[in-house]
Amino acid sequence: MEFDELCDKCEEWMQPYLDRELDESERAEAEKHLEGCGYCRKRYRFEESLRSFVRQVCSEEMPPELKQKLAALRTPL
Amino acid sequence: MSEVTPTEPRRLATDARDRVRFEEEALELADQVYRVARRLVGSREEAEDLMQETYARAFRSWRSYTPGTNLRAWLLRILTNLNIDRGRRKQRSPDLQPLEEGDYFLYNRLEESSREPRSDQDAVVDRLSQDDVVSALSSVPHDFRDVIVLVDIGDFTYHDAAQILDIPIGTVMSRLHRGRRILKTALADQAVGG
C-alpha cells in the first residue's frame with residue numbers, strides 16, 4: 001500500500017503547490033514523492049484539472065461596449 | 001515680480017504624458033480586471049457599473065499609483081473597496097467547523113461514487129455543467145469567495161490578494177482553504193448528489 005506519512009504531507013501541500021507558493025525545498029520534496037506515488041499523483045492531477053475547469057467556465061469576456069465606456073472616462077487631452 | 005521659467009510647461013507636458021501612459025496601461029488590463037469583477041458580484045450589470053466606477057476613480061487618482069508596481073492589483077484594490085462601499089454587507093463568517101477530511105476528499109468521494117472506471121479529468125468535466133460551477137461559486141460566502149476569485153480566476157499570489165483585500169497573508173490562506181472546501185463540497189453535491 002502506497003499510503004503513508006508522506007502522503008499526508010503531500011495532501012497538505014497540494015493547495016500551496018498548485019498555487020506555486022511552496023518554497024523550493026518543499027516543492028522538491030513534494031515532486032519527489034509525486035514521482036513515486038500514483039495515489040497522490042492522481043489526486044493532484046484531479047485538483048489541477050478541476051481548477052482549470054472552474055477558471056475556464058467562470059471566465060466571462062468583457063462586453064466590447066463596456067470597453068468603449070471605460071475609454072470614454074479618460075481625461076480629455 | 002514673478003519669474004516666468006520654462007520649467008512649468010515642461011512639467012505639465014511630462015505630467016500629461018505620464019497620465020496618458022497610465023490610462024492606456026489601465027485600459028489594456030480591463031479585460032483581466034473584468035473577469036475578476038464579474039465573479040465578485042452577482043450580475044453582469046453590477047460588474048459593469050463597478051468597472052466604470054473603478055476606472056473613473058483610477059483615472060482621477062492616477063498620481064497615487066507608483067509606476068513599476070502591480071497596476072492590475074492596484075485597480076483591483078480600488079474595485080474591491082468600491083464593492084464593499086456599495087453596500088455589500090459584511091457577512092458574518094459561517095460557523096467554522098473543523099475540517100475533518102483532508103484536501104483529497106472530493107476526489108475520494110467521486111471515486112467512491114463512480115461505478116465504472118474512467119479517467120480522472122473526464123470524471124470532473126463530464127459530471128459538472130458550467131451552471132453548476134457558477135452557481136457553486138456564487139454560493140460561497142463573500143469573504144471566502146473574494147479570495148478564491150482573486151487567486152483562482154485572477155491568478156494573483158497570496159501576497160497580492162492580501163494587499164488587495166487589506167488582510168494578513170495568513171487570513172488569505174485560511175480563507176482560501178476554507179472557501180475552496182465550501183466550493184468543492186457544493187460541486188461534489190452537484191456531481192454525485194448530496
# chains A, B, ... in the order shown; residues from 1 in each chain; ligands from 1
call {"tool": "closest_atom_pairs", "arguments": {"of": "chain B", "to": "chain A", "cutoff": "7 Å", "atoms": "only C-alpha atoms", "output": "JSON lines"}}
result
{"residue": "B:Glu23", "atom": "CA", "partner": "A:Arg74", "partner_atom": "CA", "distance": 6.8}
{"residue": "B:Asp31", "atom": "CA", "partner": "A:Met62", "partner_atom": "CA", "distance": 5.7}
{"residue": "B:Tyr34", "atom": "CA", "partner": "A:Met62", "partner_atom": "CA", "distance": 6.0}
{"residue": "B:Arg35", "atom": "CA", "partner": "A:Ser59", "partner_atom": "CA", "distance": 5.6}
{"residue": "B:Glu48", "atom": "CA", "partner": "A:Leu66", "partner_atom": "CA", "distance": 6.8}
{"residue": "B:Gln52", "atom": "CA", "partner": "A:Leu70", "partner_atom": "CA", "distance": 6.1}
{"residue": "B:Tyr55", "atom": "CA", "partner": "A:Leu70", "partner_atom": "CA", "distance": 6.6}
{"residue": "B:Ala56", "atom": "CA", "partner": "A:Leu73", "partner_atom": "CA", "distance": 6.0}
{"residue": "B:Phe59", "atom": "CA", "partner": "A:Arg74", "partner_atom": "CA", "distance": 6.6}
{"residue": "B:Gly102", "atom": "CA", "partner": "A:Glu11", "partner_atom": "CA", "distance": 6.9}
{"residue": "B:Asp103", "atom": "CA", "partner": "A:Glu11", "partner_atom": "CA", "distance": 6.0}
{"residue": "B:Tyr104", "atom": "CA", "partner": "A:Arg43", "partner_atom": "CA", "distance": 6.4}
{"residue": "B:Tyr107", "atom": "CA", "partner": "A:Arg43", "partner_atom": "CA", "distance": 6.4}
{"residue": "B:Asp120", "atom": "CA", "partner": "A:Phe46", "partner_atom": "CA", "distance": 5.9}
{"residue": "B:Gln121", "atom": "CA", "partner": "A:Phe46", "partner_atom": "CA", "distance": 6.1}
{"residue": "B:Val124", "atom": "CA", "partner": "A:Leu50", "partner_atom": "CA", "distance": 6.6}
{"residue": "B:Gln130", "atom": "CA", "partner": "A:Val57", "partner_atom": "CA", "distance": 5.6}
{"residue": "B:Val133", "atom": "CA", "partner": "A:Val54", "partner_atom": "CA", "distance": 6.5}
{"residue": "B:Val134", "atom": "CA", "partner": "A:Cys58", "partner_atom": "CA", "distance": 6.2}
{"residue": "B:Asp152", "atom": "CA", "partner": "A:Arg55", "partner_atom": "CA", "distance": 6.6}
{"residue": "B:Ile153", "atom": "CA", "partner": "A:Arg55", "partner_atom": "CA", "distance": 5.4}
call {"tool": "write_last_selection", "arguments": {"atoms": "N, CA and C atoms", "output": "compact mmCIF listing (two decimals), in the first residue's frame"}}
result
# COMPACT_ATOMS: atom_id res chain seq x y z
N GLU B 23 -3.30 55.79 -18.30
CA GLU B 23 -4.65 55.44 -18.75
C GLU B 23 -4.62 54.32 -19.78
N ASP B 31 -9.79 43.85 -19.53
CA ASP B 31 -10.37 42.51 -19.71
C ASP B 31 -10.09 41.63 -18.49
N TYR B 34 -12.03 42.82 -15.49
CA TYR B 34 -13.44 42.48 -15.61
C TYR B 34 -13.70 41.01 -15.24
N ARG B 35 -12.82 40.13 -15.67
CA ARG B 35 -13.02 38.70 -15.37
C ARG B 35 -13.12 38.46 -13.87
N GLU B 48 -20.46 45.67 -14.56
CA GLU B 48 -20.21 46.79 -15.47
C GLU B 48 -20.19 48.12 -14.73
N GLN B 52 -16.96 50.69 -14.22
CA GLN B 52 -16.96 52.12 -14.59
C GLN B 52 -16.58 53.00 -13.41
N TYR B 55 -12.76 52.58 -12.88
CA TYR B 55 -11.91 53.29 -13.84
C TYR B 55 -12.03 54.81 -13.69
N ALA B 56 -13.24 55.27 -13.35
CA ALA B 56 -13.39 56.71 -13.13
C ALA B 56 -12.50 57.14 -11.97
N PHE B 59 -8.70 56.88 -12.90
CA PHE B 59 -8.23 57.97 -13.77
C PHE B 59 -8.10 59.28 -12.98
N GLY B 102 -9.33 15.63 4.65
CA GLY B 102 -8.22 16.34 4.04
C GLY B 102 -8.58 16.86 2.66
N ASP B 103 -7.57 17.39 1.96
CA ASP B 103 -7.82 18.01 0.66
C ASP B 103 -8.11 17.02 -0.46
N TYR B 104 -7.92 15.75 -0.20
CA TYR B 104 -8.22 14.76 -1.24
C TYR B 104 -9.70 14.34 -1.22
N TYR B 107 -11.92 14.11 -4.56
CA TYR B 107 -11.51 13.01 -5.44
C TYR B 107 -11.99 11.69 -4.85
N ASP B 120 -9.69 10.50 -14.68
CA ASP B 120 -9.99 11.48 -13.62
C ASP B 120 -10.55 12.78 -14.18
N GLN B 121 -9.86 13.29 -15.21
CA GLN B 121 -10.27 14.58 -15.76
C GLN B 121 -11.68 14.50 -16.33
N VAL B 124 -14.58 14.70 -13.80
CA VAL B 124 -14.99 16.02 -13.31
C VAL B 124 -15.82 16.74 -14.34
N GLN B 130 -21.44 24.12 -16.70
CA GLN B 130 -21.00 25.48 -16.40
C GLN B 130 -21.90 26.12 -15.33
N VAL B 133 -21.04 25.01 -11.82
CA VAL B 133 -19.83 25.61 -11.25
C VAL B 133 -20.08 27.06 -10.86
N VAL B 134 -20.73 27.81 -11.78
CA VAL B 134 -21.00 29.22 -11.49
C VAL B 134 -21.90 29.34 -10.26
N ASP B 152 -7.75 32.12 -7.90
CA ASP B 152 -8.01 31.09 -8.91
C ASP B 152 -8.43 31.65 -10.27
N ILE B 153 -9.13 32.76 -10.27
CA ILE B 153 -9.55 33.33 -11.56
C ILE B 153 -8.63 34.49 -11.95
call {"tool": "residues_around", "arguments": {"residues": "segment 182-194 of chain B", "least_positions_apart": "6", "cutoff": "7 Å", "atoms": "only C-alpha atoms", "output": "PyMOL selection string"}}
result
chain B and resi 106+110+113+127-128+132-133+136-137+140
call {"tool": "write_last_selection", "arguments": {"atoms": "C-alpha atoms", "output": "compact mmCIF listing (two decimals), in the first residue's frame"}}
result
# COMPACT_ATOMS: atom_id res chain seq x y z
CA LEU B 106 -13.54 15.43 -3.35
CA LEU B 110 -16.11 10.97 -6.69
CA SER B 113 -19.42 7.03 -6.26
CA ARG B 127 -20.45 15.49 -14.41
CA LEU B 128 -20.42 19.25 -13.92
CA ASP B 132 -23.23 24.02 -11.69
CA VAL B 133 -19.83 25.61 -11.25
CA ALA B 136 -21.47 26.67 -6.66
CA LEU B 137 -19.01 29.58 -6.72
CA VAL B 140 -19.56 30.58 -1.34
call {"tool": "residues_around", "arguments": {"residues": "segment 78-87 of chain B", "least_positions_apart": "6", "cutoff": "9 Å", "atoms": "only C-alpha atoms", "output": "number ranges by chain"}}
result
B: 33, 37, 40-41, 50-51, 53-55, 57-58, 146, 164-165
call {"tool": "write_last_selection", "arguments": {"atoms": "C-alpha atoms", "output": "PDB file, in the first residue's frame"}}
result
ATOM      1  CA  VAL B  33      -9.950  43.164 -14.261  1.00  0.00           C
ATOM      2  CA  ALA B  37     -15.070  41.749 -11.157  1.00  0.00           C
ATOM      3  CA  LEU B  40     -17.068  39.152  -7.264  1.00  0.00           C
ATOM      4  CA  VAL B  41     -20.607  40.375  -7.869  1.00  0.00           C
ATOM      5  CA  LEU B  50     -18.357  48.564 -10.716  1.00  0.00           C
ATOM      6  CA  MET B  51     -15.863  48.633 -13.585  1.00  0.00           C
ATOM      7  CA  GLU B  53     -16.732  53.423 -11.044  1.00  0.00           C
ATOM      8  CA  THR B  54     -13.334  51.807 -10.658  1.00  0.00           C
ATOM      9  CA  TYR B  55     -11.911  53.287 -13.844  1.00  0.00           C
ATOM     10  CA  ARG B  57     -11.715  56.683  -9.736  1.00  0.00           C
ATOM     11  CA  ALA B  58      -8.449  55.262 -11.087  1.00  0.00           C
ATOM     12  CA  ASP B 146     -13.234  37.123  -2.870  1.00  0.00           C
ATOM     13  CA  ILE B 164      -5.812  43.951  -2.463  1.00  0.00           C
ATOM     14  CA  LEU B 165      -8.133  42.912   0.355  1.00  0.00           C
TER      15      LEU B 165
END
call {"tool": "residues_around", "arguments": {"residues": "segment 17-22 of chain B", "least_positions_apart": "5", "cutoff": "12 Å", "atoms": "only C-alpha atoms", "output": "list of chain:residue names"}}
result
A:Ala71, A:Arg74, A:Thr75, A:Pro76, A:Leu77, B:Arg10, B:Arg11, B:Leu12, B:Leu27, B:Glu28, B:Leu29, B:Tyr55, B:Ala58, B:Phe59, B:Arg60, B:Ser61, B:Trp62, B:Arg63, B:Ser64, B:Tyr65, B:Thr66, B:Pro67, B:Gly68, B:Thr69, B:Leu71, B:Arg72, B:Trp74, B:Leu75
call {"tool": "residues_around", "arguments": {"residues": "Val151 of chain B", "least_positions_apart": "4", "cutoff": "10 Å", "atoms": "only C-alpha atoms", "output": "MDAnalysis selection string"}}
result
(chainID A and resid 19) or (chainID B and resid 36 145:147 155:158 160:161 172 176)
call {"tool": "write_last_selection", "arguments": {"atoms": "N, CA and C atoms", "output": "PDB file, in the first residue's frame"}}
result
ATOM      1  N   ASP A  19      -0.689  26.459  -6.135  1.00  0.00           N
ATOM      2  CA  ASP A  19      -0.678  27.931  -6.143  1.00  0.00           C
ATOM      3  C   ASP A  19       0.736  28.479  -6.330  1.00  0.00           C
TER       4      ASP A  19
ATOM      5  N   VAL B  36     -12.319  39.201 -13.112  1.00  0.00           N
ATOM      6  CA  VAL B  36     -12.389  39.074 -11.650  1.00  0.00           C
ATOM      7  C   VAL B  36     -13.670  39.753 -11.141  1.00  0.00           C
ATOM      8  N   ARG B 145     -15.178  33.852  -1.023  1.00  0.00           N
ATOM      9  CA  ARG B 145     -15.236  33.897  -2.493  1.00  0.00           C
ATOM     10  C   ARG B 145     -14.255  34.927  -3.060  1.00  0.00           C
ATOM     11  N   ASP B 146     -14.160  36.090  -2.386  1.00  0.00           N
ATOM     12  CA  ASP B 146     -13.234  37.123  -2.870  1.00  0.00           C
ATOM     13  C   ASP B 146     -11.833  36.546  -3.058  1.00  0.00           C
ATOM     14  N   VAL B 147     -11.393  35.764  -2.078  1.00  0.00           N
ATOM     15  CA  VAL B 147     -10.028  35.222  -2.142  1.00  0.00           C
ATOM     16  C   VAL B 147      -9.919  34.173  -3.248  1.00  0.00           C
ATOM     17  N   ASP B 155      -5.557  34.845 -10.803  1.00  0.00           N
ATOM     18  CA  ASP B 155      -4.174  34.369 -10.801  1.00  0.00           C
ATOM     19  C   ASP B 155      -3.237  35.265  -9.981  1.00  0.00           C
ATOM     20  N   PHE B 156      -3.759  35.826  -8.912  1.00  0.00           N
ATOM     21  CA  PHE B 156      -2.919  36.619  -8.020  1.00  0.00           C
ATOM     22  C   PHE B 156      -2.216  35.717  -7.012  1.00  0.00           C
ATOM     23  N   THR B 157      -1.041  36.182  -6.548  1.00  0.00           N
ATOM     24  CA  THR B 157      -0.346  35.447  -5.485  1.00  0.00           C
ATOM     25  C   THR B 157      -1.066  35.716  -4.155  1.00  0.00           C
ATOM     26  N   TYR B 158      -0.728  34.923  -3.145  1.00  0.00           N
ATOM     27  CA  TYR B 158      -1.300  35.156  -1.809  1.00  0.00           C
ATOM     28  C   TYR B 158      -0.955  36.585  -1.358  1.00  0.00           C
ATOM     29  N   ASP B 160      -0.312  39.319  -3.172  1.00  0.00           N
ATOM     30  CA  ASP B 160      -1.125  40.335  -3.857  1.00  0.00           C
ATOM     31  C   ASP B 160      -2.564  40.337  -3.342  1.00  0.00           C
ATOM     32  N   ALA B 161      -3.114  39.134  -3.154  1.00  0.00           N
ATOM     33  CA  ALA B 161      -4.501  39.049  -2.663  1.00  0.00           C
ATOM     34  C   ALA B 161      -4.602  39.703  -1.284  1.00  0.00           C
ATOM     35  N   VAL B 172      -5.568  35.207   4.132  1.00  0.00           N
ATOM     36  CA  VAL B 172      -5.779  34.800   2.739  1.00  0.00           C
ATOM     37  C   VAL B 172      -5.717  33.267   2.652  1.00  0.00           C
ATOM     38  N   LEU B 176      -8.828  30.912   1.803  1.00  0.00           N
ATOM     39  CA  LEU B 176      -8.723  30.163   0.547  1.00  0.00           C
ATOM     40  C   LEU B 176      -8.979  28.675   0.796  1.00  0.00           C
TER      41      LEU B 176
END
call {"tool": "atom_distance", "arguments": {"atom1": "atom CA of Leu6 of chain A", "atom2": "atom CA of Ala30 of chain A"}}
result
8.6 Å
call {"tool": "atom_distance", "arguments": {"atom1": "atom CA of Met173 of chain B", "atom2": "atom CA of Gly154 of chain B"}}
result
15.6 Å
call {"tool": "select_by_dssp", "arguments": {"residues": "chain A", "states": "helix (DSSP H, G or I)", "output": "JSON, numbers by chain"}}
result
{"A": [5, 6, 7, 8, 9, 10, 11, 12, 13, 14, 15, 16, 17, 18, 24, 25, 26, 27, 28, 29, 30, 31, 32, 33, 34, 35, 36, 38, 39, 40, 41, 42, 43, 44, 45, 46, 47, 48, 49, 50, 51, 52, 53, 54, 55, 56, 57, 58, 64, 65, 66, 67, 68, 69, 70, 71, 72]}
